[in-house]
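Structure file my_file-v3.cif (mmCIF, C-alpha atoms) is printed below.
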data_protein
loop_
_atom_site.label_atom_id
_atom_site.label_comp_id
_atom_site.auth_asym_id
_atom_site.auth_seq_id
_atom_site.Cartn_x
_atom_site.Cartn_y
_atom_site.Cartn_z
CA MET A 2 89.80 7.89 25.75
CA SER A 3 91.41 10.03 28.41
CA CYS A 4 91.68 9.03 32.08
CA ALA A 5 89.36 11.90 33.07
CA THR A 6 86.70 10.69 30.63
CA VAL A 7 86.91 7.18 32.05
CA LEU A 8 86.54 8.54 35.59
CA MET A 9 83.59 10.72 34.60
CA PHE A 10 81.95 7.74 32.90
CA ALA A 11 82.49 5.57 35.98
CA ALA A 12 81.08 8.29 38.25
CA SER A 13 77.98 8.75 36.11
CA ALA A 14 77.48 4.97 35.97
CA ALA A 15 77.67 4.83 39.78
CA SER A 16 75.27 7.74 40.21
CA ALA A 17 72.85 6.13 37.76
CA LYS A 18 72.48 3.26 40.26
CA CYS A 19 71.66 5.64 43.09
CA LYS A 20 68.05 5.75 44.17
CA PHE A 21 66.86 8.38 46.61
CA GLN A 22 63.77 8.18 48.78
CA THR A 23 64.18 11.88 49.60
CA ASP A 24 65.63 14.27 47.06
CA MET A 25 64.23 17.76 47.58
CA PRO A 26 64.78 21.02 49.43
CA SER A 27 63.87 21.05 53.12
CA ILE A 28 60.76 23.12 53.74
CA VAL A 29 62.34 24.33 56.99
CA THR A 30 65.92 25.23 56.00
CA GLY A 31 65.73 25.35 52.19
CA GLU A 32 68.81 23.10 52.04
CA HIS A 33 68.73 20.26 49.55
CA ILE A 34 68.10 17.00 51.42
CA ARG A 35 69.00 13.61 49.99
CA TRP A 36 68.40 10.23 51.61
CA THR A 37 69.26 7.17 49.54
CA ASP A 38 66.99 4.15 49.62
CA TRP A 39 67.63 2.02 52.69
CA THR A 40 69.79 -1.04 52.22
CA THR A 41 70.11 -3.98 54.59
CA PHE A 42 73.61 -4.76 55.73
CA SER A 43 73.51 -6.68 58.98
CA LEU A 44 74.11 -10.39 59.19
CA ALA A 45 71.49 -12.78 60.51
CA ILE A 46 68.63 -10.92 58.92
CA THR A 47 66.25 -13.67 60.04
CA THR A 48 66.77 -12.81 63.71
CA THR A 49 64.79 -10.10 65.43
CA ASP A 50 67.55 -7.48 65.47
CA TYR A 51 68.69 -6.09 62.16
CA ALA A 52 69.88 -2.82 60.68
CA LEU A 53 69.58 -0.81 57.49
CA ALA A 54 71.79 1.95 56.15
CA THR A 55 71.28 5.07 54.09
CA GLY A 56 73.53 7.84 52.83
CA ILE A 57 72.29 11.30 53.79
CA SER A 58 73.35 14.73 52.56
CA GLU A 59 71.95 18.00 53.90
CA GLY A 60 73.42 20.80 51.88
CA GLU A 61 77.18 20.23 52.18
CA ARG A 62 76.94 18.05 55.31
CA LYS A 63 77.14 14.27 54.93
CA TYR A 64 75.78 11.59 57.26
CA VAL A 65 75.54 7.86 57.45
CA GLY A 66 72.00 6.94 58.49
CA LEU A 67 71.39 3.73 60.41
CA GLN A 68 67.96 2.28 61.04
CA LEU A 69 68.19 -0.11 63.97
CA HIS A 70 65.43 -2.62 64.53
CA THR A 71 65.61 -4.11 68.00
CA VAL A 72 63.37 -6.27 70.15
CA THR A 73 63.33 -6.41 73.95
CA THR A 74 61.26 -8.99 75.80
CA ILE A 75 59.47 -8.21 79.06
CA PRO A 76 57.00 -10.31 81.11
CA ARG A 77 54.17 -7.71 81.16
CA PRO A 78 52.56 -5.17 78.85
CA ALA A 79 54.90 -2.24 78.23
CA SER A 80 54.18 1.04 79.98
CA LYS A 81 54.63 4.31 78.13
CA GLN A 82 57.83 4.82 80.10
CA ASP A 83 59.13 1.45 78.86
CA LEU A 84 58.41 2.55 75.28
CA ASP A 85 60.03 5.96 75.74
CA ASN A 86 63.18 4.47 77.28
CA ALA A 87 63.62 1.42 75.05
CA VAL A 88 66.39 3.02 72.95
CA VAL A 89 67.71 6.46 73.89
CA ILE A 90 70.84 7.89 72.26
CA PRO A 91 71.84 11.28 73.72
CA ALA A 92 73.54 13.89 71.51
CA GLY A 93 77.28 13.31 71.58
CA SER A 94 76.99 9.51 71.70
CA ASP A 95 79.60 7.41 69.91
CA VAL A 96 79.13 5.28 66.83
CA PHE A 97 82.07 2.97 66.10
CA PHE A 98 82.89 1.42 62.76
CA LEU A 99 85.30 -1.51 62.97
CA MET A 100 87.05 -1.67 59.61
CA ALA A 101 88.50 -4.70 57.78
CA ASP A 102 92.06 -3.68 58.72
CA GLU A 103 91.01 -3.61 62.41
CA SER A 104 91.18 0.20 62.53
CA VAL A 105 88.25 1.97 64.18
CA ILE A 106 86.41 5.06 62.97
CA LYS A 107 84.56 6.84 65.76
CA VAL A 108 81.91 9.38 64.89
CA THR A 109 79.65 11.29 67.27
CA THR A 110 75.93 11.90 66.94
CA ASP A 111 74.96 15.58 66.85
CA GLN A 112 71.38 15.24 68.07
CA ALA A 113 69.47 13.29 70.73
CA ILE A 114 67.55 10.31 69.38
CA THR A 115 64.70 8.33 70.89
CA GLY A 116 63.59 5.13 69.18
CA ASP A 117 59.96 4.67 68.18
CA SER A 118 58.59 1.73 70.12
CA ASP A 119 55.49 -0.36 70.16
CA PHE A 120 54.82 -3.67 71.81
CA VAL A 121 53.44 -7.00 70.74
CA MET A 122 51.95 -9.68 72.96
CA HIS A 123 53.23 -13.19 72.35
CA ASN A 124 51.56 -14.84 75.28
CA ALA A 125 50.37 -13.91 78.75
CA LYS A 126 53.95 -13.82 80.06
CA ARG A 127 55.91 -12.54 77.08
CA TYR A 128 55.66 -9.11 75.52
CA ASP A 129 58.08 -7.80 72.93
CA ILE A 130 58.96 -4.11 72.73
CA VAL A 131 59.76 -3.53 69.06
CA THR A 132 61.86 -0.42 68.49
CA ASN A 133 62.79 1.33 65.31
CA THR A 134 65.60 3.87 65.78
CA ILE A 135 67.04 6.11 63.10
CA VAL A 136 70.55 7.29 63.91
CA LYS A 137 72.22 10.04 61.90
CA ALA A 138 76.00 10.14 62.32
CA PRO A 139 77.83 13.07 60.69
CA LEU A 140 80.82 12.18 58.52
CA THR A 141 83.85 14.23 57.53
CA THR A 142 85.08 13.99 53.94
CA GLU A 143 87.93 11.76 55.12
CA GLU A 144 85.62 9.44 57.11
CA LEU A 145 83.32 9.16 54.12
CA ARG A 146 86.29 8.33 51.88
CA VAL A 147 87.51 5.57 54.23
CA LEU A 148 84.02 4.08 54.68
CA THR A 149 83.56 3.82 50.91
CA ALA A 150 87.07 2.50 50.28
CA GLN A 151 87.30 -0.19 52.93
CA ARG A 152 85.07 -2.94 54.22
CA VAL A 153 83.22 -2.39 57.51
CA LYS A 154 83.08 -5.48 59.77
CA ARG A 155 80.96 -4.22 62.63
CA ILE A 156 79.05 -1.19 63.87
CA ARG A 157 78.57 -0.36 67.53
CA VAL A 158 76.06 2.28 68.62
CA SER A 159 76.18 3.50 72.22
CA THR A 160 72.82 3.99 73.94
CA THR A 161 71.86 4.84 77.52
CA SER A 162 71.00 1.19 78.14
CA GLY A 163 74.13 -0.33 76.58
CA ASP A 164 75.79 -0.87 73.24
CA LEU A 165 74.03 -2.18 70.16
CA ASP A 166 76.29 -4.21 67.86
CA PHE A 167 75.60 -5.15 64.27
CA GLU A 168 77.84 -7.45 62.25
CA PHE A 169 78.42 -7.04 58.54
CA GLY A 170 78.66 -9.68 55.87
CA LYS A 171 80.83 -9.00 52.79
CA LYS A 172 77.73 -8.39 50.70
CA GLY A 173 76.22 -6.10 53.33
CA SER A 174 79.41 -4.09 53.54
CA LYS A 175 79.40 -3.53 49.77
CA LYS A 176 75.75 -2.45 49.95
CA MET A 177 76.57 0.14 52.58
CA GLN A 178 79.52 1.39 50.54
CA SER A 179 77.26 1.79 47.51
CA VAL A 180 74.75 4.03 49.34
CA LEU A 181 77.56 6.15 50.79
CA GLU A 182 79.09 6.56 47.32
CA CYS A 183 75.80 8.12 46.25
CA ILE A 184 76.34 11.13 48.54
CA GLN A 185 80.07 11.67 47.91
CA MET B 29 33.58 45.96 20.25
CA HIS B 30 30.69 45.45 22.72
CA VAL B 31 30.08 41.99 21.30
CA ARG B 32 33.76 41.04 21.83
CA ASN B 33 33.63 42.28 25.46
CA PHE B 34 30.44 40.34 26.02
CA PHE B 35 32.02 37.10 24.75
CA SER B 36 35.18 37.70 26.81
CA GLY B 37 32.98 38.11 29.90
CA VAL B 38 31.05 34.93 29.16
CA ILE B 39 34.28 32.96 28.67
CA ALA B 40 35.77 34.31 31.91
CA ILE B 41 32.62 33.47 33.90
CA THR B 42 32.49 29.99 32.35
CA LEU B 43 36.13 29.34 33.26
CA LEU B 44 35.57 30.52 36.82
CA LEU B 45 32.47 28.39 37.25
CA GLY B 46 34.28 25.46 35.65
CA SER B 47 37.25 25.66 38.02
CA GLY B 48 34.92 25.94 41.00
CA ALA B 49 32.98 22.90 39.85
CA ALA B 50 36.20 20.97 39.28
CA ARG B 51 37.42 21.81 42.80
CA ALA B 52 34.08 20.85 44.29
CA ALA B 53 34.21 17.59 42.38
CA GLU B 54 37.69 16.83 43.76
CA CYS B 55 36.81 17.64 47.35
CA LYS B 56 34.45 15.22 49.01
CA TYR B 57 33.13 15.97 52.46
CA SER B 58 31.65 13.73 55.12
CA ASP B 59 30.28 16.76 56.96
CA ARG B 60 29.30 20.11 55.48
CA SER B 61 27.09 21.87 57.96
CA THR B 62 26.38 25.20 59.58
CA ASP B 63 25.76 25.57 63.29
CA PRO B 64 22.22 26.98 63.48
CA ALA B 65 23.00 28.81 66.72
CA THR B 66 26.30 30.47 65.79
CA GLY B 67 26.22 30.35 61.99
CA VAL B 68 29.74 28.86 62.03
CA GLN B 69 30.36 26.61 59.06
CA LYS B 70 31.95 23.19 59.52
CA LEU B 71 33.65 21.17 56.79
CA ALA B 72 35.11 17.70 57.26
CA THR B 73 36.69 15.83 54.38
CA ARG B 74 36.12 12.17 53.82
CA PRO B 75 38.58 10.10 55.86
CA VAL B 76 41.78 8.73 54.38
CA GLU B 77 42.56 5.28 55.74
CA ILE B 78 46.06 4.77 57.10
CA SER B 79 47.10 1.47 58.58
CA THR B 80 49.28 0.93 61.61
CA ALA B 81 52.52 -1.01 61.82
CA MET B 82 50.75 -3.34 64.22
CA VAL B 83 48.09 -5.11 62.21
CA SER B 84 45.56 -5.16 65.03
CA SER B 85 44.86 -1.43 64.81
CA SER B 86 43.83 0.94 62.05
CA GLY B 87 43.22 4.63 61.59
CA TRP B 88 41.64 7.28 59.45
CA VAL B 89 42.65 10.88 59.06
CA HIS B 90 40.62 13.78 57.75
CA ALA B 91 40.91 17.54 57.54
CA VAL B 92 38.37 19.71 59.30
CA SER B 93 37.55 23.40 59.21
CA ILE B 94 35.35 25.04 61.83
CA GLY B 95 34.89 28.70 61.05
CA ASP B 96 38.38 30.10 60.60
CA ASP B 97 40.12 27.26 62.44
CA ARG B 98 41.70 24.26 60.74
CA PHE B 99 42.28 20.81 62.26
CA LEU B 100 43.49 17.34 61.50
CA ALA B 101 41.23 14.68 62.95
CA ILE B 102 42.25 11.09 63.58
CA LYS B 103 39.99 8.17 64.18
CA LEU B 104 41.84 5.30 65.81
CA ARG B 105 40.38 1.83 66.03
CA ALA B 106 42.57 -0.28 68.27
CA LYS B 107 42.53 -3.81 69.53
CA ASN B 108 44.42 -4.45 72.75
CA GLN B 109 44.81 -7.38 75.09
CA PHE B 110 45.63 -7.08 78.77
CA PRO B 111 46.61 -9.88 81.16
CA ILE B 112 44.96 -10.41 84.52
CA PRO B 113 47.07 -8.50 87.06
CA PRO B 114 48.97 -11.06 89.17
CA GLN B 115 47.74 -9.50 92.42
CA LEU B 116 44.15 -10.52 91.57
CA ASN B 117 45.17 -14.20 91.59
CA ILE B 118 41.85 -15.31 90.10
CA ASN B 119 41.32 -18.90 89.17
CA LEU B 120 39.55 -19.03 85.83
CA ALA B 121 39.08 -22.77 85.78
CA ASN B 122 35.30 -22.31 85.91
CA SER B 123 35.25 -19.31 83.61
CA ASP B 124 33.15 -21.04 80.94
CA GLN B 125 30.51 -21.76 83.54
CA GLU B 126 30.82 -18.22 84.86
CA GLN B 127 30.32 -16.87 81.36
CA ARG B 128 27.12 -18.90 81.00
CA THR B 129 25.75 -17.82 84.33
CA GLY B 130 27.10 -14.26 84.17
CA ARG B 131 28.57 -14.62 87.66
CA TYR B 132 32.11 -13.27 87.36
CA ASP B 133 34.47 -12.44 90.14
CA PRO B 134 33.62 -8.76 90.90
CA ARG B 135 37.32 -7.89 90.79
CA LEU B 136 37.33 -8.73 87.09
CA ASN B 137 34.50 -6.26 86.51
CA GLN B 138 36.42 -3.63 88.42
CA GLU B 139 39.59 -4.24 86.39
CA LEU B 140 37.63 -4.16 83.13
CA ARG B 141 36.11 -0.81 84.10
CA ARG B 142 39.59 0.54 84.84
CA LEU B 143 40.93 -0.64 81.48
CA GLN B 144 37.92 0.76 79.64
CA HIS B 145 38.50 4.10 81.29
CA GLU B 146 42.23 4.25 80.50
CA THR B 147 42.70 2.54 77.16
CA ALA B 148 43.11 4.65 74.01
CA PHE B 149 42.40 7.82 75.99
CA VAL B 150 43.89 10.92 74.34
CA PRO B 151 44.48 13.60 77.00
CA ALA B 152 44.77 17.27 76.02
CA GLY B 153 48.39 17.96 75.11
CA SER B 154 48.96 14.58 73.44
CA THR B 155 51.08 14.74 70.32
CA LEU B 156 50.52 13.73 66.74
CA ARG B 157 53.89 13.58 65.01
CA ILE B 158 53.98 13.71 61.22
CA THR B 159 57.18 13.04 59.30
CA LEU B 160 57.20 14.61 55.85
CA GLU B 161 58.96 13.41 52.71
CA ASP B 162 61.74 16.02 53.12
CA ARG B 163 62.36 14.37 56.54
CA SER B 164 61.12 17.42 58.41
CA VAL B 165 58.83 16.71 61.34
CA ILE B 166 55.77 18.59 62.48
CA VAL B 167 54.21 17.97 65.87
CA LEU B 168 50.51 18.71 66.41
CA THR B 169 49.06 18.85 69.92
CA SER B 170 45.53 17.89 70.91
CA LYS B 171 43.62 20.73 72.52
CA GLU B 172 41.11 18.72 74.51
CA ASP B 173 40.64 15.29 76.12
CA SER B 174 39.23 12.62 73.82
CA SER B 175 37.81 9.51 75.45
CA ALA B 176 37.50 6.25 73.58
CA ARG B 177 34.43 4.14 73.18
CA ASN B 178 35.65 0.81 74.49
CA LYS B 179 34.09 -2.56 74.28
CA GLY B 180 35.75 -5.07 76.55
CA TRP B 181 35.58 -8.75 77.30
CA LYS B 182 36.56 -10.33 80.55
CA PRO B 183 39.17 -13.09 80.46
CA GLN B 184 38.08 -16.61 79.75
CA SER B 185 40.19 -19.72 79.73
CA GLY B 186 42.13 -18.33 76.72
CA SER B 187 44.15 -20.05 74.06
CA GLU B 188 47.44 -21.82 74.58
CA ASN B 189 49.33 -18.88 73.10
CA THR B 190 47.61 -15.88 74.56
CA GLY B 191 46.37 -17.21 77.88
CA PRO B 192 43.41 -15.58 79.61
CA ASN B 193 43.33 -11.88 78.78
CA PHE B 194 41.00 -8.94 78.78
CA LEU B 195 40.25 -8.00 75.19
CA LEU B 196 39.40 -4.39 74.40
CA LEU B 197 38.24 -2.90 71.13
CA SER B 198 38.60 0.87 71.26
CA GLU B 199 37.58 3.70 68.99
CA VAL B 200 38.64 7.27 69.63
CA ASN B 201 38.39 10.49 67.63
CA ALA B 202 41.00 13.14 68.38
CA LEU B 203 41.26 16.65 67.00
CA TYR B 204 44.55 18.52 66.46
CA PRO B 205 44.63 22.25 65.60
CA LEU B 206 46.70 23.20 62.54
CA SER B 207 48.76 26.40 62.44
CA ALA B 208 49.41 28.31 59.20
CA GLU B 209 52.99 26.99 59.23
CA MET B 210 51.79 23.39 59.58
CA ILE B 211 49.31 23.87 56.74
CA ARG B 212 52.10 25.25 54.54
CA ALA B 213 54.24 22.19 55.33
CA LEU B 214 51.43 19.66 54.82
CA THR B 215 50.33 21.17 51.51
CA SER B 216 53.82 21.35 50.03
CA ARG B 217 55.27 18.02 51.20
CA LEU B 218 53.75 14.53 51.39
CA ALA B 219 53.35 12.91 54.79
CA VAL B 220 55.45 9.78 55.18
CA SER B 221 54.47 8.55 58.62
CA VAL B 222 52.12 9.54 61.42
CA ARG B 223 52.56 8.70 65.11
CA MET B 224 49.72 9.22 67.56
CA GLU B 225 50.19 9.43 71.31
CA THR B 226 47.57 8.17 73.74
CA ALA B 227 47.71 8.06 77.53
CA ASP B 228 49.11 4.54 77.57
CA ARG B 229 51.09 4.04 74.34
CA TYR B 230 51.83 5.18 70.79
CA TYR B 231 50.24 4.13 67.53
CA GLU B 232 52.44 4.34 64.45
CA PHE B 233 50.44 4.86 61.26
CA ALA B 234 52.84 3.41 58.77
CA SER B 235 53.69 -0.01 57.56
CA ARG B 236 56.23 -1.71 55.35
CA MET B 237 55.81 -4.64 53.06
CA ASN B 238 59.28 -5.92 53.88
CA ILE B 239 62.34 -4.71 55.72
CA GLN B 240 63.94 -3.19 52.61
CA TYR B 241 61.32 -0.47 52.64
CA PRO B 242 60.99 2.24 55.26
CA LEU B 243 57.93 2.60 57.43
CA THR B 244 55.55 4.74 55.40
CA ILE B 245 51.85 5.43 54.96
CA GLY B 246 52.44 5.16 51.19
CA ASP B 247 52.46 7.77 48.40
CA LYS B 248 48.76 7.35 47.62
CA ASN B 249 47.69 7.95 51.21
CA GLY B 250 50.17 10.81 51.51
CA ARG B 251 48.66 12.51 48.43
CA GLN B 252 45.10 11.95 49.69
CA LEU B 253 46.01 13.49 53.03
CA GLN B 254 47.50 16.49 51.25
CA GLU B 255 44.38 16.87 49.09
CA ALA B 256 42.21 16.68 52.22
CA VAL B 257 44.08 19.60 53.81
CA ASN B 258 43.79 21.57 50.56
CA CYS B 259 40.02 21.00 50.62
CA VAL B 260 39.48 22.89 53.88
CA LEU B 261 41.59 25.96 53.07
#

Can you dump the structure from the file as structure tokens?
Amino acid sequence: MSCATVLMFAASAASAKCKFQTDMPSIVTGEHIRWTDWTTFSLAITTTDYALATGISEGERKYVGLQLHTVTTIPRPASKQDLDNAVVIPAGSDVFFLMADESVIKVTTDQAITGDSDFVMHNAKRYDIVTNTIVKAPLTTEELRVLTAQRVKRIRVSTTSGDLDFEFGKKGSKKMQSVLECIQ
Amino acid sequence: MHVRNFFSGVIAITLLLGSGAARAAECKYSDRSTDPATGVQKLATRPVEISTAMVSSSGWVHAVSIGDDRFLAIKLRAKNQFPIPPQLNINLANSDQEQRTGRYDPRLNQELRRLQHETAFVPAGSTLRITLEDRSVIVLTSKEDSSARNKGWKPQSGSENTGPNFLLLSEVNALYPLSAEMIRALTSRLAVSVRMETADRYYEFASRMNIQYPLTIGDKNGRQLQEAVNCVL
């Protein structure tokens, strides 16, 4: 069996594992859109803040998608302004990937993002603003290659109200690599 | 020759009638009326239930046609709790007795009226954001104010966890005009999630069974919503 055959077999085996929640042309642009199923990667999944990852391709463009679930506690019911400002990521914000070899990959968001927030009452003096934010960070071919080849230890997303950090476990890092391999 | 034409005609008419009957059987309407004054016909499909991420609220969506105009209508049924504003500084120690006698502090009545007026109110220009399965987003905008029917309860001594709070059950119906472009999008792609804006907050019509799954109204509800829009075209 030739080397090329082995590689092709390995590639088809990898793609067979790929599951896509979106795999169709965009009704707006006509470009083929693919979003893999979300996979959890962050440590301490039992705490309130956690994150999920997806691999996204839009035509030839590739993205890593991050779904950030965050909770902020306030002593009163949230106003609409509180909900609108809970997580705001302007276009051009930085997303840092700290790699296993301590190198850093910095990518920049290409669109403004506002998290979707709702609030839950715990008791008369504690209200939680629960925010779900989907961040799309564009990746070059080289960045995609590095992210699938090496373990990620931490992700930092810059927002208007501070940085959001998410730690990776070894298993979580492999999961994220597997969804990114699906869009290579 | 005439006999063959006759049979062809009968078959064609039967097929046409059959397809019409099949479509009518698929489309079920909660309202199918004609305005006696204007002669304008109104069609409203049966509502499709969509749950919210917060379990205390629920919603229904249906497609509506009034004459040549097409709409999406949402019925929101929300349950909200509001604390007593600190500036009122009301002692509720005797609230059980007050409840029996009906003699509440008048400031509580005033606050309840304010909450009933403001909660789940959908002002004209409020948005209904629908994310479709191809990840495209369409934003509908309400054309007119929609006030909620609110039923409220004044705070009583409350439980250990929630404390004394106003409790409001709200129901509001809001109507969002659909453009031809929106109809094209909604009939060719399934809706994944729906987010409704009110004057005071947002209601996300989507839920997930566990964190591995994205927030979604579910394939079945998405298909039913698509069928509803098809039924008013």

Can you turn the PyMOL selection byres ((chain A) within 10 of (chain B)) into a concrete residue list for this file, as a compact mmCIF listing (two decimals) with C-alpha atoms, in the frame of the given file?
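This went into expr-v6.txt:
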# COMPACT_ATOMS: atom_id res chain seq x y z
CA GLN A 22 63.77 8.18 48.78
CA THR A 23 64.18 11.88 49.60
CA ASP A 24 65.63 14.27 47.06
CA MET A 25 64.23 17.76 47.58
CA PRO A 26 64.78 21.02 49.43
CA SER A 27 63.87 21.05 53.12
CA ILE A 28 60.76 23.12 53.74
CA VAL A 29 62.34 24.33 56.99
CA THR A 30 65.92 25.23 56.00
CA HIS A 33 68.73 20.26 49.55
CA ILE A 34 68.10 17.00 51.42
CA ARG A 35 69.00 13.61 49.99
CA TRP A 36 68.40 10.23 51.61
CA ASP A 38 66.99 4.15 49.62
CA TRP A 39 67.63 2.02 52.69
CA THR A 40 69.79 -1.04 52.22
CA THR A 41 70.11 -3.98 54.59
CA ILE A 46 68.63 -10.92 58.92
CA TYR A 51 68.69 -6.09 62.16
CA ALA A 52 69.88 -2.82 60.68
CA LEU A 53 69.58 -0.81 57.49
CA GLN A 68 67.96 2.28 61.04
CA HIS A 70 65.43 -2.62 64.53
CA ARG A 77 54.17 -7.71 81.16
CA PRO A 78 52.56 -5.17 78.85
CA ALA A 79 54.90 -2.24 78.23
CA SER A 80 54.18 1.04 79.98
CA LYS A 81 54.63 4.31 78.13
CA GLN A 82 57.83 4.82 80.10
CA ASP A 83 59.13 1.45 78.86
CA LEU A 84 58.41 2.55 75.28
CA ASP A 85 60.03 5.96 75.74
CA ASP A 117 59.96 4.67 68.18
CA SER A 118 58.59 1.73 70.12
CA ASP A 119 55.49 -0.36 70.16
CA PHE A 120 54.82 -3.67 71.81
CA VAL A 121 53.44 -7.00 70.74
CA MET A 122 51.95 -9.68 72.96
CA HIS A 123 53.23 -13.19 72.35
CA ASN A 124 51.56 -14.84 75.28
CA ALA A 125 50.37 -13.91 78.75
CA LYS A 126 53.95 -13.82 80.06
CA ARG A 127 55.91 -12.54 77.08
CA ASN A 133 62.79 1.33 65.31

What does the structure give for the distance between CA of Arg98 in chain B and CA of Ser175 in chain B, in Å to one decimal?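 If I compute the distance from CA of Arg98 in chain B to CA of Ser175 in chain B, I get 21.2 Å.
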
Near-Ala176 in chain B list (8 Å; all atoms listed in the file; drop same-chain fewer than 6 positions) as a PyMOL selection string: chain B and resi 147-150+198-201

Separation of CA of Ser85 in chain B from CA of Pro205 in chain B in Å: 23.7 Å

Chain and number of each residue from the PyMOL selection byres ((chain A and resi 69) around 10), as a PyMOL selection string: chain A and resi 43+50-54+66-68+70-72+88+116+132-136+158+165-167

Enter the distance from CA of Asp164 in chain A to CA of Gln185 in chain A, in Å, rounded to one decimal.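 Taking CA of Asp164 in chain A as the start and CA of Gln185 in chain A as the end point, the length is 28.6 Å.
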
Got a sec to resolve the PyMOL selection byres ((chain A and resi 139-154) around 8) on this structure and send the residues as number ranges by chain? A: 62-65, 98-101, 106, 108-111, 137-138, 155-156, 168-171, 174-175, 178-179, 181-182, 185

With C-alpha atoms retained, export the selected residues as a PDB file, in the frame of the given file.
ATOM      1  CA  ARG A  62      76.940  18.050  55.310  1.00  0.00           C
ATOM      2  CA  LYS A  63      77.140  14.270  54.930  1.00  0.00           C
ATOM      3  CA  TYR A  64      75.780  11.590  57.260  1.00  0.00           C
ATOM      4  CA  VAL A  65      75.540   7.860  57.450  1.00  0.00           C
ATOM      5  CA  PHE A  98      82.890   1.420  62.760  1.00  0.00           C
ATOM      6  CA  LEU A  99      85.300  -1.510  62.970  1.00  0.00           C
ATOM      7  CA  MET A 100      87.050  -1.670  59.610  1.00  0.00           C
ATOM      8  CA  ALA A 101      88.500  -4.700  57.780  1.00  0.00           C
ATOM      9  CA  ILE A 106      86.410   5.060  62.970  1.00  0.00           C
ATOM     10  CA  VAL A 108      81.910   9.380  64.890  1.00  0.00           C
ATOM     11  CA  THR A 109      79.650  11.290  67.270  1.00  0.00           C
ATOM     12  CA  THR A 110      75.930  11.900  66.940  1.00  0.00           C
ATOM     13  CA  ASP A 111      74.960  15.580  66.850  1.00  0.00           C
ATOM     14  CA  LYS A 137      72.220  10.040  61.900  1.00  0.00           C
ATOM     15  CA  ALA A 138      76.000  10.140  62.320  1.00  0.00           C
ATOM     16  CA  ARG A 155      80.960  -4.220  62.630  1.00  0.00           C
ATOM     17  CA  ILE A 156      79.050  -1.190  63.870  1.00  0.00           C
ATOM     18  CA  GLU A 168      77.840  -7.450  62.250  1.00  0.00           C
ATOM     19  CA  PHE A 169      78.420  -7.040  58.540  1.00  0.00           C
ATOM     20  CA  GLY A 170      78.660  -9.680  55.870  1.00  0.00           C
ATOM     21  CA  LYS A 171      80.830  -9.000  52.790  1.00  0.00           C
ATOM     22  CA  SER A 174      79.410  -4.090  53.540  1.00  0.00           C
ATOM     23  CA  LYS A 175      79.400  -3.530  49.770  1.00  0.00           C
ATOM     24  CA  GLN A 178      79.520   1.390  50.540  1.00  0.00           C
ATOM     25  CA  SER A 179      77.260   1.790  47.510  1.00  0.00           C
ATOM     26  CA  LEU A 181      77.560   6.150  50.790  1.00  0.00           C
ATOM     27  CA  GLU A 182      79.090   6.560  47.320  1.00  0.00           C
ATOM     28  CA  GLN A 185      80.070  11.670  47.910  1.00  0.00           C
TER      29      GLN A 185
END
